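So this one's run_11.cif, mmCIF, C-alpha atoms:
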```
data_query
#
loop_
_atom_site.group_PDB
_atom_site.id
_atom_site.type_symbol
_atom_site.label_atom_id
_atom_site.label_comp_id
_atom_site.auth_asym_id
_atom_site.auth_seq_id
_atom_site.Cartn_x
_atom_site.Cartn_y
_atom_site.Cartn_z
ATOM 1 C CA MET A 170 11.302 -19.370 -4.090
ATOM 2 C CA SER A 171 8.563 -16.821 -3.367
ATOM 3 C CA ASP A 172 8.990 -14.062 -0.828
ATOM 4 C CA PRO A 173 7.593 -14.716 2.661
ATOM 5 C CA PRO A 174 4.351 -12.956 3.634
ATOM 6 C CA VAL A 175 4.721 -9.401 4.839
ATOM 7 C CA LEU A 176 2.793 -10.392 7.961
ATOM 8 C CA GLU A 177 2.128 -13.920 9.185
ATOM 9 C CA VAL A 178 0.336 -14.573 12.461
ATOM 10 C CA ARG A 179 -0.354 -17.968 13.990
ATOM 11 C CA GLY A 180 -2.492 -18.469 17.083
ATOM 12 C CA LEU A 181 -1.834 -14.981 18.405
ATOM 13 C CA ARG A 182 -3.132 -13.893 21.781
ATOM 14 C CA ALA A 183 -1.810 -10.547 22.983
ATOM 15 C CA THR A 184 -2.438 -8.068 25.764
ATOM 16 C CA TYR A 185 -2.458 -4.294 25.628
ATOM 17 C CA ASP A 186 -2.072 -2.331 28.827
ATOM 18 C CA GLY A 187 -2.440 -5.609 30.717
ATOM 19 C CA ALA A 188 -5.822 -6.594 29.225
ATOM 20 C CA MET A 189 -6.436 -9.210 26.526
ATOM 21 C CA ALA A 190 -6.684 -7.293 23.268
ATOM 22 C CA LEU A 191 -6.039 -9.793 20.452
ATOM 23 C CA ASP A 192 -7.341 -13.348 20.534
ATOM 24 C CA GLU A 193 -7.114 -16.291 18.146
ATOM 25 C CA ILE A 194 -5.577 -14.255 15.325
ATOM 26 C CA GLU A 195 -4.558 -16.293 12.277
ATOM 27 C CA LEU A 196 -3.527 -14.610 9.048
ATOM 28 C CA SER A 197 -1.026 -14.668 6.221
ATOM 29 C CA THR A 198 -0.911 -11.655 3.935
ATOM 30 C CA ARG A 199 -1.025 -12.234 0.183
ATOM 31 C CA GLY A 200 0.792 -9.191 -1.146
ATOM 32 C CA ALA A 201 2.919 -6.156 -0.326
ATOM 33 C CA ARG A 202 0.249 -3.505 0.331
ATOM 34 C CA VAL A 203 -1.604 -4.127 3.581
ATOM 35 C CA LEU A 204 -4.339 -2.035 5.241
ATOM 36 C CA LEU A 205 -5.107 -2.666 8.930
ATOM 37 C CA VAL A 206 -8.562 -1.273 9.746
ATOM 38 C CA GLY A 207 -10.669 -0.873 12.898
ATOM 39 C CA ASP A 208 -9.371 -1.703 16.368
ATOM 40 C CA VAL A 209 -5.777 -1.581 15.176
ATOM 41 C CA MET A 210 -3.991 -0.088 18.185
ATOM 42 C CA PRO A 211 -2.999 -3.384 19.856
ATOM 43 C CA MET A 212 -1.522 -4.761 16.624
ATOM 44 C CA VAL A 213 0.220 -1.475 15.857
ATOM 45 C CA ARG A 214 1.779 -1.364 19.321
ATOM 46 C CA LEU A 215 2.794 -5.004 19.112
ATOM 47 C CA LEU A 216 4.452 -4.672 15.714
ATOM 48 C CA SER A 217 6.101 -1.316 16.369
ATOM 49 C CA GLY A 218 7.153 -1.876 19.975
ATOM 50 C CA THR A 219 5.963 1.622 20.781
ATOM 51 C CA SER A 220 3.999 2.509 23.909
ATOM 52 C CA GLY A 221 0.646 4.242 24.087
ATOM 53 C CA PRO A 222 -0.741 6.881 26.451
ATOM 54 C CA GLY A 223 0.464 6.392 29.994
ATOM 55 C CA GLY A 224 3.116 3.960 28.813
ATOM 56 C CA ALA A 225 0.627 1.238 27.798
ATOM 57 C CA ARG A 226 2.388 -1.574 25.973
ATOM 58 C CA ALA A 227 1.390 -4.631 23.963
ATOM 59 C CA ALA A 228 2.774 -8.063 24.786
ATOM 60 C CA MET A 229 2.337 -11.520 23.282
ATOM 61 C CA ALA A 230 0.656 -14.107 25.488
ATOM 62 C CA ALA A 231 0.702 -16.936 22.948
ATOM 63 C CA GLY A 232 1.347 -17.627 19.282
ATOM 64 C CA GLU A 233 3.820 -16.471 16.670
ATOM 65 C CA VAL A 234 4.202 -13.317 14.605
ATOM 66 C CA GLU A 235 6.559 -12.915 11.667
ATOM 67 C CA VAL A 236 7.295 -9.777 9.661
ATOM 68 C CA THR A 237 8.838 -10.412 6.222
ATOM 69 C CA GLY A 238 9.674 -13.905 7.405
ATOM 70 C CA ARG A 239 11.428 -12.839 10.599
ATOM 71 C CA PRO A 240 10.087 -13.442 14.119
ATOM 72 C CA LEU A 241 8.827 -10.345 15.870
ATOM 73 C CA GLY A 242 11.766 -8.663 17.574
ATOM 74 C CA GLN A 243 14.300 -9.970 15.061
ATOM 75 C CA HIS A 244 13.428 -7.689 12.195
ATOM 76 C CA HIS A 245 15.527 -4.661 13.197
ATOM 77 C CA GLY A 246 16.882 -2.827 10.174
ATOM 78 C CA HIS A 247 14.408 -4.638 7.925
ATOM 79 C CA PHE A 248 11.102 -3.290 9.261
ATOM 80 C CA GLY A 249 10.439 0.335 10.123
ATOM 81 C CA ALA A 250 7.526 1.699 12.126
ATOM 82 C CA ALA A 251 6.436 5.024 13.533
ATOM 83 C CA PRO A 252 3.450 5.855 15.758
ATOM 84 C CA ASP A 253 0.680 8.235 14.732
ATOM 85 C CA ASP A 254 2.581 10.945 16.608
ATOM 86 C CA LEU A 255 5.523 11.279 18.948
ATOM 87 C CA PRO A 256 7.090 14.024 21.068
ATOM 88 C CA PHE A 257 10.037 15.193 19.009
ATOM 89 C CA PRO A 258 12.973 16.418 21.115
ATOM 90 C CA PRO A 259 13.260 20.216 21.426
ATOM 91 C CA ARG A 260 15.706 22.151 19.261
ATOM 92 C CA THR A 261 16.381 19.074 17.075
ATOM 93 C CA ASN A 262 16.078 19.064 13.306
ATOM 94 C CA LEU A 263 14.923 16.211 11.090
ATOM 95 C CA ARG A 264 18.392 15.298 9.822
ATOM 96 C CA ALA A 265 19.865 14.982 13.321
ATOM 97 C CA PHE A 266 16.860 13.049 14.588
ATOM 98 C CA LEU A 267 16.907 10.551 11.720
ATOM 99 C CA ARG A 268 20.595 9.909 12.304
ATOM 100 C CA VAL A 269 19.876 8.962 15.908
ATOM 101 C CA VAL A 270 16.949 6.769 14.876
ATOM 102 C CA ALA A 271 19.067 5.041 12.233
ATOM 103 C CA ARG A 272 21.814 4.237 14.745
ATOM 104 C CA VAL A 273 19.397 2.781 17.279
ATOM 105 C CA ALA A 274 17.226 0.868 14.774
ATOM 106 C CA THR A 275 19.875 -0.579 12.477
ATOM 107 C CA GLY A 276 23.017 -0.772 14.629
ATOM 108 C CA GLU A 277 24.964 1.313 12.123
ATOM 109 C CA GLY A 278 27.901 3.366 13.340
ATOM 110 C CA ARG A 279 27.826 7.147 13.310
ATOM 111 C CA ARG A 280 29.001 7.468 9.720
ATOM 112 C CA GLY A 281 26.712 4.736 8.367
ATOM 113 C CA ALA A 282 23.711 6.137 10.233
ATOM 114 C CA ALA A 283 24.402 9.612 8.862
ATOM 115 C CA ALA A 284 24.590 8.266 5.311
ATOM 116 C CA LEU A 285 21.336 6.327 5.781
ATOM 117 C CA ALA A 286 19.525 9.378 7.194
ATOM 118 C CA ASP A 287 20.772 11.623 4.399
ATOM 119 C CA ALA A 288 19.781 9.096 1.744
ATOM 120 C CA THR A 289 16.295 8.789 3.258
ATOM 121 C CA ILE A 290 15.811 12.569 3.259
ATOM 122 C CA GLU A 291 16.877 12.768 -0.384
ATOM 123 C CA ARG A 292 14.747 9.804 -1.474
ATOM 124 C CA LEU A 293 11.623 11.231 0.187
ATOM 125 C CA GLY A 294 12.224 14.728 -1.149
ATOM 126 C CA LEU A 295 12.443 16.296 2.322
ATOM 127 C CA GLU A 296 15.586 18.373 1.812
ATOM 128 C CA GLU A 297 13.721 21.649 2.464
ATOM 129 C CA MET A 298 12.644 20.566 5.940
ATOM 130 C CA ALA A 299 15.782 18.619 6.854
ATOM 131 C CA SER A 300 17.231 21.505 8.879
ATOM 132 C CA ARG A 301 13.974 22.718 10.431
ATOM 133 C CA ARG A 302 13.320 22.268 14.141
ATOM 134 C CA LEU A 303 10.876 19.433 14.659
ATOM 135 C CA ASP A 304 9.187 21.146 17.601
ATOM 136 C CA ARG A 305 8.158 24.042 15.342
ATOM 137 C CA ILE A 306 6.736 22.309 12.266
ATOM 138 C CA ASP A 307 3.049 22.063 11.330
ATOM 139 C CA LEU A 308 0.977 18.872 11.263
ATOM 140 C CA SER A 309 1.619 18.069 7.603
ATOM 141 C CA ALA A 310 5.368 18.323 8.155
ATOM 142 C CA ARG A 311 5.076 16.214 11.319
ATOM 143 C CA LYS A 312 3.297 13.473 9.390
ATOM 144 C CA ALA A 313 5.989 13.590 6.694
ATOM 145 C CA ALA A 314 8.672 13.407 9.373
ATOM 146 C CA LEU A 315 7.008 10.326 10.882
ATOM 147 C CA VAL A 316 7.060 8.628 7.480
ATOM 148 C CA ALA A 317 10.773 9.388 7.333
ATOM 149 C CA VAL A 318 11.252 7.907 10.822
ATOM 150 C CA ALA A 319 9.707 4.640 9.616
ATOM 151 C CA ALA A 320 11.588 4.696 6.311
ATOM 152 C CA VAL A 321 15.031 5.175 7.857
ATOM 153 C CA GLN A 322 14.507 2.060 9.987
ATOM 154 C CA GLY A 323 13.206 -0.391 7.416
ATOM 155 C CA ALA A 324 14.903 -1.682 4.292
ATOM 156 C CA GLU A 325 12.092 -4.110 3.439
ATOM 157 C CA ALA A 326 8.791 -3.083 5.059
ATOM 158 C CA LEU A 327 7.175 -0.090 6.758
ATOM 159 C CA LEU A 328 4.277 0.353 9.168
ATOM 160 C CA LEU A 329 2.520 3.732 9.049
ATOM 161 C CA HIS A 330 -0.166 4.558 11.599
ATOM 162 C CA GLU A 331 -2.840 7.111 10.645
ATOM 163 C CA PRO A 332 -0.568 8.962 8.190
ATOM 164 C CA PHE A 333 -3.336 11.304 6.963
ATOM 165 C CA THR A 334 -5.477 11.918 10.058
ATOM 166 C CA GLY A 335 -6.308 15.564 10.685
ATOM 167 C CA LEU A 336 -4.694 16.861 7.499
ATOM 168 C CA PRO A 337 -6.271 19.399 5.134
ATOM 169 C CA PRO A 338 -6.503 18.382 1.448
ATOM 170 C CA ALA A 339 -3.198 20.065 0.585
ATOM 171 C CA GLY A 340 -1.507 18.270 3.477
ATOM 172 C CA VAL A 341 -2.962 14.921 2.407
ATOM 173 C CA SER A 342 -1.590 15.419 -1.095
ATOM 174 C CA ALA A 343 1.864 16.311 0.206
ATOM 175 C CA VAL A 344 2.061 13.429 2.670
ATOM 176 C CA MET A 345 0.635 10.996 0.109
ATOM 177 C CA GLY A 346 3.569 11.894 -2.117
ATOM 178 C CA VAL A 347 6.051 11.220 0.681
ATOM 179 C CA VAL A 348 4.362 7.907 1.484
ATOM 180 C CA GLY A 349 4.526 6.878 -2.171
ATOM 181 C CA LYS A 350 8.272 7.499 -2.274
ATOM 182 C CA ALA A 351 8.810 5.772 1.078
ATOM 183 C CA VAL A 352 7.114 2.507 0.087
ATOM 184 C CA GLU A 353 8.581 2.283 -3.415
ATOM 185 C CA GLY A 354 10.263 -1.117 -3.645
ATOM 186 C CA LYS A 355 9.159 -2.027 -0.113
ATOM 187 C CA ALA A 356 6.213 -3.685 1.547
ATOM 188 C CA ALA A 357 3.865 -1.378 3.418
ATOM 189 C CA LEU A 358 1.336 -1.730 6.221
ATOM 190 C CA VAL A 359 -0.961 1.240 6.857
ATOM 191 C CA ALA A 360 -3.135 1.223 9.992
ATOM 192 C CA VAL A 361 -6.325 3.304 10.274
ATOM 193 C CA ALA A 362 -9.165 3.264 12.783
ATOM 194 C CA ASP A 363 -11.818 3.792 10.125
ATOM 195 C CA LEU A 364 -12.057 3.610 6.370
ATOM 196 C CA ARG A 365 -14.452 5.982 4.643
ATOM 197 C CA LEU A 366 -14.897 6.393 0.917
ATOM 198 C CA GLU A 367 -14.616 10.157 1.330
ATOM 199 C CA GLY A 368 -11.458 9.897 3.460
ATOM 200 C CA ALA A 369 -7.848 10.050 2.336
ATOM 201 C CA SER A 370 -7.085 6.468 3.337
ATOM 202 C CA ALA A 371 -9.678 5.173 0.867
ATOM 203 C CA ALA A 372 -7.307 6.241 -1.908
ATOM 204 C CA LEU A 373 -5.103 3.348 -0.815
ATOM 205 C CA LEU A 374 -7.836 0.739 -1.367
ATOM 206 C CA PRO A 375 -7.306 0.126 -5.105
ATOM 207 C CA HIS A 376 -3.690 -0.780 -4.361
ATOM 208 C CA ALA A 377 -4.321 -2.814 -1.202
ATOM 209 C CA THR A 378 -3.490 -6.485 -1.677
ATOM 210 C CA ASP A 379 -4.767 -7.174 1.843
ATOM 211 C CA VAL A 380 -7.412 -5.431 3.930
ATOM 212 C CA LEU A 381 -7.431 -6.774 7.499
ATOM 213 C CA VAL A 382 -10.398 -5.607 9.573
ATOM 214 C CA PHE A 383 -10.100 -5.962 13.366
ATOM 215 C CA ARG A 384 -12.923 -5.549 15.848
ATOM 216 C CA GLY A 385 -13.214 -6.580 19.469
ATOM 217 C CA GLY A 386 -9.846 -8.327 19.457
ATOM 218 C CA ARG A 387 -10.691 -10.580 16.503
ATOM 219 C CA LEU A 388 -9.951 -10.532 12.789
ATOM 220 C CA LEU A 389 -13.314 -9.965 11.088
ATOM 221 C CA LEU A 390 -12.341 -9.844 7.464
ATOM 222 C CA HIS A 391 -9.361 -10.523 5.211
ATOM 223 C CA THR A 392 -9.943 -9.415 1.640
ATOM 224 C CA ASP A 393 -8.344 -7.162 -0.962
ATOM 225 C CA GLY A 394 -9.091 -3.540 -1.632
ATOM 226 C CA ALA A 395 -10.488 -4.015 -5.123
ATOM 227 C CA HIS A 396 -12.993 -6.596 -3.895
ATOM 228 C CA LEU A 397 -14.106 -4.373 -1.026
ATOM 229 C CA LEU A 398 -14.632 -1.457 -3.408
ATOM 230 C CA ALA A 399 -16.565 -3.595 -5.872
ATOM 231 C CA GLU A 400 -18.714 -5.313 -3.240
ATOM 232 C CA SER A 401 -21.166 -2.703 -1.936
ATOM 233 C CA ARG A 402 -23.016 -5.081 0.395
ATOM 234 C CA VAL A 403 -20.284 -5.647 2.996
ATOM 235 C CA TYR A 404 -21.332 -4.501 6.466
ATOM 236 C CA SER A 405 -19.827 -4.255 9.915
ATOM 237 C CA LEU A 406 -22.270 -6.016 12.222
ATOM 238 C CA THR A 407 -22.287 -6.008 16.019
ATOM 239 C CA VAL A 408 -24.850 -8.154 17.804
ATOM 240 C CA VAL A 409 -25.595 -9.263 21.364
ATOM 241 C CA ASP A 410 -27.867 -12.071 22.582
ATOM 242 C CA ALA A 411 -28.498 -15.091 20.365
ATOM 243 C CA GLY A 412 -25.640 -14.046 18.099
ATOM 244 C CA GLU A 413 -24.853 -17.582 16.857
ATOM 245 C CA ASP A 414 -28.506 -18.369 16.074
ATOM 246 C CA PHE A 415 -28.776 -15.046 14.278
ATOM 247 C CA ALA A 416 -25.613 -15.754 12.264
ATOM 248 C CA GLU A 417 -26.943 -19.146 11.221
ATOM 249 C CA ALA A 418 -30.247 -17.572 10.151
ATOM 250 C CA LEU A 419 -28.359 -15.054 8.020
ATOM 251 C CA ARG A 420 -26.295 -17.809 6.410
ATOM 252 C CA GLY A 421 -29.496 -19.690 5.734
ATOM 253 C CA GLU A 422 -30.657 -16.796 3.571
ATOM 254 C CA GLY A 423 -27.432 -16.663 1.597
ATOM 255 C CA ALA A 424 -25.403 -14.154 3.601
ATOM 256 C CA ALA A 425 -21.676 -14.657 4.200
ATOM 257 C CA LEU A 426 -20.285 -13.921 7.676
ATOM 258 C CA SER A 427 -16.848 -14.003 9.203
ATOM 259 C CA GLY A 428 -15.681 -13.113 12.691
ATOM 260 C CA GLY A 429 -17.956 -13.517 15.704
ATOM 261 C CA PRO A 430 -19.327 -14.144 18.203
ATOM 262 C CA TRP A 431 -20.353 -10.473 18.650
ATOM 263 C CA HIS A 432 -18.650 -8.648 15.780
ATOM 264 C CA TYR A 433 -19.007 -9.853 12.195
ATOM 265 C CA ALA A 434 -18.180 -8.862 8.670
ATOM 266 C CA LEU A 435 -21.452 -9.453 6.824
ATOM 267 C CA THR A 436 -21.897 -9.710 3.056
ATOM 268 C CA LEU A 437 -25.544 -9.637 2.041
ATOM 269 C CA PRO A 438 -26.751 -11.514 -1.027
ATOM 270 C CA GLU A 439 -28.349 -9.732 -3.972
ATOM 271 C CA GLY A 440 -31.808 -8.441 -3.181
ATOM 272 C CA ARG A 441 -31.275 -8.251 0.601
ATOM 273 C CA ASP A 442 -30.803 -5.139 2.679
ATOM 274 C CA VAL A 443 -30.495 -3.992 6.290
ATOM 275 C CA ALA A 444 -34.263 -4.371 6.806
ATOM 276 C CA ASP A 445 -33.867 -8.101 6.222
ATOM 277 C CA VAL A 446 -31.057 -8.199 8.778
ATOM 278 C CA LEU A 447 -33.259 -6.543 11.386
ATOM 279 C CA ARG A 448 -36.141 -8.879 10.568
ATOM 280 C CA LEU A 449 -33.964 -11.927 11.179
ATOM 281 C CA ALA A 450 -32.606 -10.397 14.368
ATOM 282 C CA ASP A 451 -36.128 -9.973 15.684
ATOM 283 C CA SER A 452 -37.082 -13.545 14.797
ATOM 284 C CA THR A 453 -34.043 -15.024 16.572
ATOM 285 C CA GLY A 454 -34.077 -12.739 19.613
ATOM 286 C CA ALA A 455 -30.785 -11.087 18.716
ATOM 287 C CA VAL A 456 -30.082 -7.422 19.434
ATOM 288 C CA VAL A 457 -28.265 -5.580 16.647
ATOM 289 C CA LEU A 458 -26.119 -2.728 17.932
ATOM 290 C CA THR A 459 -24.613 -1.708 14.593
ATOM 291 C CA CYS A 460 -25.064 -2.702 10.964
ATOM 292 C CA GLU A 461 -23.298 -0.234 8.715
ATOM 293 C CA PRO A 462 -21.308 -0.338 5.470
ATOM 294 C CA MET A 463 -17.741 -1.513 5.956
ATOM 295 C CA LEU A 464 -16.574 1.465 3.916
ATOM 296 C CA GLY A 465 -17.956 3.805 6.524
ATOM 297 C CA ALA A 466 -17.348 4.297 10.208
ATOM 298 C CA MET A 467 -15.521 1.532 12.064
ATOM 299 C CA PRO A 468 -16.129 2.690 15.642
ATOM 300 C CA VAL A 469 -13.323 1.723 17.989
ATOM 301 C CA ALA A 470 -14.480 -0.347 20.963
ATOM 302 C CA SER A 471 -14.321 1.474 24.260
#
```
Transcribe the structure of this file into structure tokens.
Amino acid sequence: MSDPPVLEVRGLRATYDGAMALDEIELSTRGARVLLVGDVMPMVRLLSGTSGPGGARAAMAAGEVEVTGRPLGQHHGHFGAAPDDLPFPPRTNLRAFLRVVARVATGEGRRGAAALADATIERLGLEEMASRRLDRIDLSARKAALVAVAAVQGAEALLLHEPFTGLPPAGVSAVMGVVGKAVEGKAALVAVADLRLEGASAALLPHATDVLVFRGGRLLLHTDGAHLLAESRVYSLTVVDAGEDFAEALRGEGAALSGGPWHYALTLPEGRDVADVLRLADSTGAVVLTCEPMLGAMPVAS
């Protein structure tokens, strides 16, 4: 029997901070290395159970979500997640903090939680920072500590949110090494707001079995990293007015589109470029707000 998908979503509608943020989401991941790209915050908050600024929380309004075959909320001890940042308690070191996290996340007793925290520190190669105060470490160390927070919670799968954002090249290299050790033998979901070829997260693309692009509360694109790297004509398209007529005109000229009705993932056929997109927009009365390579900026909706 094959393993269940890392992430399976059926008919999901979810709110974030009281407003509808995910709508009609259907997906089933194909492998163990998943990149969430674009407007990822609602999905990150839903999967992790963490709150955003001002205590904003995500909640399901309809549908089903399973992580490694377990319904959302029943995956404790199997799935570990950490936000992009969190306020570490003052005068607390990494070892002590991970022991607390392990007890809460897995239900282990004091001794079992201590053993799990110590094993995580050793496996990730973080012995040198294990006794350092978390409120005094630099950004690279904070990112490594957040990876450890996720790793100590999850025996089967991890969710990492913006693990490389803001890091200098040396910090990216160090944290990339910690991430590699953390996901060895486990499934991994990495969430990033944008995916640029020159950015650190792009290094994950060759290994990504699933790239899930979210925009405007919808899933625009589900592909794999190798395909996205090889296909240079994939664009993020945002259009208002006559969007469906415009989409049909694009399909009529051989383009492939997914998503809609305002945000699309657009793959242009050979011999076509953005000028052709704008020409068709003009002929159908559509207004194109953005048409840019998918492996470039993915601006987060305001």
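Ranking A:Pro332, A:Gly454, A:Pro174, A:Gly242 by their shortest atom-to-atom distance to Ala201 of chain A, with all atoms listed in the file included, puts A:Pro174 first.
Evaluated on this file, the PyMOL selection byres ((chain A and resi 314) around 10) matches Ala251, Asp254, Phe257, Leu263, Arg264, Phe266, Leu267, Ile290, Leu293, Leu295, Met298, Ala299, Leu303, Ile306, Leu308, Ser309, Ala310, Arg311, Lys312, Ala313, Leu315, Val316, Ala317, Val318, Ala319, Ala320, Val344 and Val347 of chain A.
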Nearest candidate to Val409 of chain A (options A:Ala228, A:Asp287, A:Leu426, A:Val456; using all atoms listed in the file): A:Val456
Give me the residues within 12 Å of Tyr433 of chain A as a PyMOL selection string, counting all atoms listed in the file and dropping any in the same chain fewer than 2 places off. chain A and resi 382-391+403-409+412-413+415-416+419+424-431+435-436+457-463+467
Hits from the PyMOL selection byres ((chain A and resi 213) around 12), listed as number ranges by chain: A: 183, 185, 190-191, 204-212, 214-221, 226-228, 249-253, 327-331, 358-362, 383
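The interatomic distance for the pair atom CA of Gly349 of chain A and atom CA of Pro259 of chain A works out to 28.5 Å.
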Students should find that atom CA of Glu233 of chain A and atom CA of Phe248 of chain A are spaced 16.8 Å
With all atoms listed in the file as the counted atoms, please give the residues lying no more than 10 Å from Ala282 of chain A, apart from itself and same-chain residues fewer than 3 positions off, as number ranges by chain. A: 267-279, 285-288, 321
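Each of A:Ala372, A:Ala324, A:Pro240, A:Asp393 was compared to Ser342 of chain A using all atoms listed in the file, and A:Ala372 turns out to be the nearest.
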Go through A:Leu176, A:Ala450, A:Leu381, A:Met189 one by one, measure the shortest atom-to-atom distance of each to Val234 of chain A using all atoms listed in the file, and give the residue with the smallest value.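 Between A:Leu176, A:Ala450, A:Leu381, A:Met189, the residue approaching Val234 of chain A most closely is A:Leu176.
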On this structure, which residues satisfy the PyMOL selection byres ((chain A and resi 232) around 6), written as a ChimeraX atom specification? /A:179-181,231,233
Write a file of the just-selected residues containing C-alpha atoms, as a PDB file, keeping the file's coordinate frame.
```pdb
ATOM      1  CA  ARG A 179      -0.354 -17.968  13.990  1.00  0.00           C
ATOM      2  CA  GLY A 180      -2.492 -18.469  17.083  1.00  0.00           C
ATOM      3  CA  LEU A 181      -1.834 -14.981  18.405  1.00  0.00           C
ATOM      4  CA  ALA A 231       0.702 -16.936  22.948  1.00  0.00           C
ATOM      5  CA  GLU A 233       3.820 -16.471  16.670  1.00  0.00           C
TER       6      GLU A 233
END
```
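For the pair atom CA of Asp379 of chain A and atom CA of Ala418 of chain A, the interatomic distance is 28.7 Å.
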For Gly340 of chain A, the nearest of the candidates A:Arg305, A:Ala369, A:Arg260, A:Gly465, counting all atoms listed in the file: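 Closest residue, counting all atoms listed in the file: A:Ala369.
Ranking A:Gly323, A:Gly423, A:Gly354, A:Gly281 by their shortest atom-to-atom distance to His247 of chain A, with all atoms listed in the file included, puts A:Gly323 first.
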